[in-house]
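For reference, the structure is listed below as structure tokens.
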Amino acid sequence: MTLPSLSVGARSPSRDVAAEAAPMPSLESARLRCFLALIAISATLAGCGRGEQSPPPAGPVPVTVVTLQPQEITLTRELPGRVTPYLVAEVRPQVNGIVARRLFEEGATVKAGQPLYQLDDALYQAELASAQAALARAEATLNTATLNARRSAGLVAIKAVSQQDDENARAALQQAEADRAAAQAAVQRAAVTVGYARITAPISGRIGKSSVTQGALVTANQEAPLATVQQLDPIYVDLTQSSAELLNLRQALASGKLTSAGNVPVTIALEDGTAYGHQGKLEFSDVTVDPGTGSYLLRVVVPNPDQVLLPGTYVRAQIGTGARSNALLVPQQGVARDARGGTTALVVNAEGTVEARQVTVSRVVGDRWLVEDGLAPGDRVIVEGLQKIRPGDPVQATEAGAAPDGPVTTPPQQP
């Protein structure tokens, strides 16, 4: 059996399948190349975006500094106090009687010796008249005794009378003189009693309200005063200070850390915080510490011509405690406190970079801290721009109050 011959141009089935499958690998390769190209473009764009967001290298940060210089200051202490009158006199009667008249206006200013009350003095006037009559009788008896003594002295010289009679005449004269002196004292006593019936002001000052009216019965040296007179110009301000502060002050003076401030004027602040228009001076310091409060008294005398300060008013006074030389004062905004209560300050060192310092401050003087340790004269403390810097950052420092025309040179350090 003869097999049919295959022509040269005929294709087998396997070759047809291969021919149909051949285009597939070329399509997948093209798709892969497109995907890789998109990833490359995205990465390029992302890289460009990151390059635009990164900040350029920063230069020195401008800050404001205060250069510390030693100075002499007077340290003050603010103390609470109460206003007390310069003089106080409670008016009381010295004799019994009925109030006939009141001779003053309540709340007015009175002068020393000015009549305040008039008591009914009819009885006292009668006693004065009786004493004056007794004085007249004593003087008459004295005149008779004087004449008898003179006559007896002449007669005894010629021995017309006995020596005993002459001695009796002289004794009678001396008794008459004593009786006259007693009568004079009685008259003075009665006159004083009549004067007590007219009650006068013991001191000059402002008088308060009257506790009695016309017709009231008053008694000598009664417990309740009729009125009270207070001298208000000048006036006292009594301050209280703890004994511990007094001890610290004495130790500081003894060590030479402080020197005596002398007679520094005392500034008074009223209840509303306003400053009083006149300054006072320290009158004295008490020598006894109150065992209940542990404080002692300081008394300040203050002029009060307008009587703005009234007794019992609460005030605060700034009183000088001592003078300190070579003191360093740093603005409050240049000192920061941490959570543990420590205080730090940022300063500009000689290299122009920020340096953190641990400092010790003791008290506020105006709007500044008094530095005890951690800073030295010539240090430049940063007071503005603190939020933009950290220790080690380079800065461009400008002195507070100066034109920002460049960095401030570091002054020479003092020994």
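Identifiers for the structure tokens are assigned positionally: chains receive A, B, ... in sequence, residues are indexed from 1 per chain, and ligands are indexed from 1 in the order shown.
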Glu223 (chain A) surroundings by only C-alpha atoms, 12 Å radius, close-in-sequence under 4 positions cut, as a PDB file with N, CA and C atoms, in the first residue's frame:
```pdb
ATOM      1  N   GLU A  90      -7.623 108.564 127.042  1.00  0.00           N
ATOM      2  CA  GLU A  90      -9.025 108.304 127.361  1.00  0.00           C
ATOM      3  C   GLU A  90      -9.471 109.306 128.420  1.00  0.00           C
ATOM      4  N   VAL A  91     -10.526 110.051 128.107  1.00  0.00           N
ATOM      5  CA  VAL A  91     -11.011 111.103 128.993  1.00  0.00           C
ATOM      6  C   VAL A  91     -11.919 110.479 130.044  1.00  0.00           C
ATOM      7  N   ARG A  92     -11.544 110.648 131.326  1.00  0.00           N
ATOM      8  CA  ARG A  92     -12.347 110.153 132.447  1.00  0.00           C
ATOM      9  C   ARG A  92     -12.517 111.267 133.480  1.00  0.00           C
ATOM     10  N   PRO A  93     -13.636 111.275 134.200  1.00  0.00           N
ATOM     11  CA  PRO A  93     -13.822 112.296 135.245  1.00  0.00           C
ATOM     12  C   PRO A  93     -12.983 111.990 136.468  1.00  0.00           C
ATOM     13  N   GLN A  94     -12.573 113.017 137.149  1.00  0.00           N
ATOM     14  CA  GLN A  94     -11.805 112.873 138.386  1.00  0.00           C
ATOM     15  C   GLN A  94     -12.618 113.222 139.626  1.00  0.00           C
ATOM     16  N   SER A 211     -19.499 109.027 125.131  1.00  0.00           N
ATOM     17  CA  SER A 211     -20.240 107.902 125.701  1.00  0.00           C
ATOM     18  C   SER A 211     -21.330 108.345 126.669  1.00  0.00           C
ATOM     19  N   VAL A 218     -21.664 110.835 136.332  1.00  0.00           N
ATOM     20  CA  VAL A 218     -20.342 110.252 136.158  1.00  0.00           C
ATOM     21  C   VAL A 218     -19.668 110.206 137.520  1.00  0.00           C
ATOM     22  N   THR A 219     -18.736 109.260 137.651  1.00  0.00           N
ATOM     23  CA  THR A 219     -18.024 109.086 138.922  1.00  0.00           C
ATOM     24  C   THR A 219     -16.527 109.190 138.693  1.00  0.00           C
ATOM     25  N   ALA A 227     -14.779 109.875 126.513  1.00  0.00           N
ATOM     26  CA  ALA A 227     -14.403 110.011 125.096  1.00  0.00           C
ATOM     27  C   ALA A 227     -12.929 109.662 124.985  1.00  0.00           C
TER      28      ALA A 227
END
```
Using 9 Å as the limit and counting only C-alpha atoms, can you tabulate each residue of region 245-339 of chain A that touches region 377-394 of chain A, with its shortest atom-to-atom distance in Å and the two atoms involved, as a tab-separated table?
```
residue	atom	partner	partner_atom	distance
A:Asn326	CA	A:Pro377	CA	9.0
A:Leu328	CA	A:Pro377	CA	7.2
A:Val330	CA	A:Val381	CA	7.7
A:Pro331	CA	A:Val383	CA	7.3
A:Gln332	CA	A:Val383	CA	8.4
A:Gln333	CA	A:Val383	CA	5.8
A:Gly334	CA	A:Val383	CA	4.6
A:Val335	CA	A:Val383	CA	8.3
```
Give me, as a list in words, the residues of region 157-232 of chain A that a backbone DSSP run labels strand (DSSP E or B).
Arg198, Ile199, Thr200, Gly205, Arg206, Ile207, Leu217, Val218, Ala227, Thr228, Val229, Gln230 and Gln231 of chain A
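The space separating CA of Arg206 (chain A) from CA of Leu239 (chain A) comes to 23.6 Å.
The residue that comes closest to Leu298 (chain A), out of A:Gln184, A:Thr343, A:Thr240, A:Asn248 and on the basis of only C-alpha atoms, is A:Thr240.
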